[in-house]
Amino acid sequence: MSTLKEKDLELLPAPTQGRAPSGTSSMSKKTALIAFAALAVTLLARGTRIFCNHPQSDDLTNGTVCAQVSELIPEKNSALWETLSTTYSTEAFKMKAVDWLSGAVQLPTESYDTMEPVGVDPRWEKFGVFHDYLLNSFPLVHSTFEVTKVNTYGLILVWKGSDSTLKPLLLAAHQDVVPVEPTTYDDWTHPPFSGYFDGELIWGRGSLDDKSGLIGILSAMETMLANGYQPTRTVVLASGFDEESSGMHGAQTLAPKLLEMFGENGYAMLVDEGAGYGEEYGQVIATPGIAEKGYVDVMIEVTSPGGHSSLPPPHTSIGILAELLVAFERNPFEVHLARGSPTYKSIQCWARHAPDLPASLRKDIFHAEHSDKALQSVETQLFQNPTLKNLVGTTQAIDIIHGGVKVNALPEQAFAVVNHRISTESSVAATQARDTGLLATLAREFNLSYTAFGADISDVSAPAYGTLTLSTAFGKGGLEPAPITPTEGDAAPYQLLSGSIKAAYNSHRGITGDDNIIVSPGIMSGNTDTRFYWKLTPHIFRYGHADGAGGGKLLSGVHTVNEAIPVTNFVEMIRFFTALILNVDESALS
């Protein structure tokens, strides 16, 4: 059971008073309307599944599904690419990379859910120390780039290209890390802010999320500058400092400045933290995130009369709340795989390229494009994996609960917060409508005056024992699912990213070929700072080239104990950012 900190409690609504009577007919009508709305939303979301039993297609075998590009090796800067590829393979560079990342990890830059503004809360000041570290560690970057600071600790670094008519490449990574729970310090193999290197792994909070991304980008840039590189196309690095606590102080303030610099849709493409690559059914597959699920926290608050606990009613506020929460867990969102969705595209890539995919599953994926029966069979087989099922549908997690102040006093108020990650085929409104309809019957059974998201669900004049209120938690509105990045046809940024992934993967292993790693569209399970950058470009990718992070998986240690990254993977990340910068520079992206 979790409780809120004092600052959080100040943000909670005060208990509301019960409303005066009426019958249940008005409430029943409103409940019916809500149920109808929820049904309509469900049918719309599933619309692609209806009346689709057409003859089978051979799309999966004719090259149009999950088509691959060749590895993209820089041409104009081929000599530099070869030089850097050799440099990155040396022991000396490996140890330099260790020093860069280890030093960054040793500086705690934790961000918390409840922090006062910059300049008021002293906990922000540690980012000034981190900026000093970046300045000292990457002197060429800081002496060459234009550095702009927004809200004191947000960073925008502009590497000016020689051709100002070209849209810039935008890279993003965040400076902050999630806090380390003090009671877990002894559970770490090496202290969480030690940056300890054991000869294979660099240990510590942020080594994966996301100092490896930020330091990887800066390491590539510093090394390229040291080798005399000057880009034709401008490169911009944006770095927020509170991504782990929703980005309100960091990326949200960076976004207007980035928009002012180059305009709406003024960037060629954006690459931020995200997925990586891993083996799926016998094939190494990289899954850049082309979308993010939406997000809304729903607060469920119950109030009822207080009194002495020696004279209890049949149900206290806490007991009623418990029944409501059981209703949530007994009624998860219905999940279906929508044709054309990011996860659907991912499984099509498995069917096309993964040799160890079970034959029956491959056959069903083959037919699913035109057969509801085959699509349902795919769902049945794949949804046995809860991770994949969660990536597809809207999820719900009861994460916070609070109620009561004294053991002999009846609780006058109890509340819980349910976190929803919203499917790319749904919306904040549809999620709220479903939650509202779900609790309507129980509200009536417990004789509660019912208000949901500012609307009166029950008759305001009805006599009531207490109240039930649904609202967005802590005054924060929901976030709609992100726009889906183009990947098909002439989606040049996606093709360029795919070719760069293959070039970095091959270069790191000293191999050649186009099928050593397959690139597949994917989706992020969480949200990134890109939520504030939708106006900057339609070509947004969440990809960090982390080994073992394919298929929407989180790397071991992210947000928990024993976070660590293999140094060989960190060096490969540096190769990836190098390949990406050079390839975008040589491209005809508009």
# chains A, B, ... in the order shown; residues from 1 in each chain; ligands from 1
>>> residues_around(residues="Asn390 in chain A", least_positions_apart="2", cutoff="10 Å", atoms="only C-alpha atoms", output="ChimeraX atom specification")
/A:335,383,385-388,392-396,421-423,525,552
>>> residues_around(residues="Val147 in chain A", least_positions_apart="4", cutoff="7 Å", atoms="only C-alpha atoms", output="MDAnalysis selection string")
chainID A and resid 156:158
>>> write_last_selection(atoms="N, CA and C atoms", output="PDB file, in the first residue's frame")
ATOM      1  N   ILE A 156      20.003  23.176 -24.972  1.00  0.00           N
ATOM      2  CA  ILE A 156      19.894  23.061 -26.423  1.00  0.00           C
ATOM      3  C   ILE A 156      21.263  23.369 -27.002  1.00  0.00           C
ATOM      4  N   LEU A 157      21.868  22.381 -27.638  1.00  0.00           N
ATOM      5  CA  LEU A 157      23.186  22.541 -28.254  1.00  0.00           C
ATOM      6  C   LEU A 157      23.009  22.484 -29.766  1.00  0.00           C
ATOM      7  N   VAL A 158      23.454  23.524 -30.458  1.00  0.00           N
ATOM      8  CA  VAL A 158      23.277  23.618 -31.911  1.00  0.00           C
ATOM      9  C   VAL A 158      24.635  23.533 -32.590  1.00  0.00           C
TER      10      VAL A 158
END
>>> residues_around(residues="Ala255 in chain A", least_positions_apart="3", cutoff="12 Å", atoms="only C-alpha atoms", output="VMD selection string")
chain A and resid 150 to 151 154 to 156 170 172 238 to 240 247 to 252 258 to 264 529 to 537
>>> closest_residue(among="A:Met221, A:Thr90, A:Ser245, A:Asn419", to="Leu582 in chain A", atoms="only C-alpha atoms")
A:Met221
>>> residues_around(residues="Ala473 in chain A", least_positions_apart="2", cutoff="7 Å", atoms="only C-alpha atoms", output="number ranges by chain")
A: 297-299, 417, 471, 475-476
>>> write_last_selection(atoms="N, CA, C and O atoms", output="compact mmCIF listing (two decimals), in the first residue's frame")
# COMPACT_ATOMS: atom_id res chain seq x y z
N ASP A 297 -4.08 9.45 -15.40
CA ASP A 297 -4.23 8.96 -14.03
C ASP A 297 -5.62 9.34 -13.56
O ASP A 297 -5.99 10.53 -13.56
N VAL A 298 -6.40 8.36 -13.15
CA VAL A 298 -7.76 8.59 -12.71
C VAL A 298 -7.84 8.43 -11.19
O VAL A 298 -7.47 7.38 -10.65
N MET A 299 -8.30 9.48 -10.52
CA MET A 299 -8.50 9.42 -9.07
C MET A 299 -9.94 9.01 -8.78
O MET A 299 -10.88 9.56 -9.35
N VAL A 417 -5.64 5.94 -6.95
CA VAL A 417 -5.29 6.46 -8.27
C VAL A 417 -4.98 5.28 -9.18
O VAL A 417 -4.16 4.40 -8.84
N SER A 471 -11.90 11.80 -11.22
CA SER A 471 -11.24 13.00 -11.77
C SER A 471 -9.86 12.62 -12.24
O SER A 471 -9.34 11.55 -11.92
N GLY A 475 -4.82 17.23 -10.71
CA GLY A 475 -5.04 18.34 -11.62
C GLY A 475 -4.34 18.22 -12.96
O GLY A 475 -4.34 19.16 -13.75
N LYS A 476 -3.76 17.06 -13.24
CA LYS A 476 -3.05 16.87 -14.51
C LYS A 476 -3.98 16.23 -15.53
O LYS A 476 -4.58 15.18 -15.28
>>> closest_residue(among="A:Ile290, A:Val561, A:Tyr229, A:Leu497", to="Phe193 in chain A", atoms="only C-alpha atoms")
A:Val561
>>> closest_residue(among="A:Ala452, A:Ala97, A:Val378, A:Ala291", to="Asn569 in chain A", atoms="only C-alpha atoms")
A:Ala97
>>> select_by_dssp(residues="range 342-446 of chain A", states="strand (DSSP E or B)", output="PyMOL selection string")
chain A and resi 395-403+409+413-422
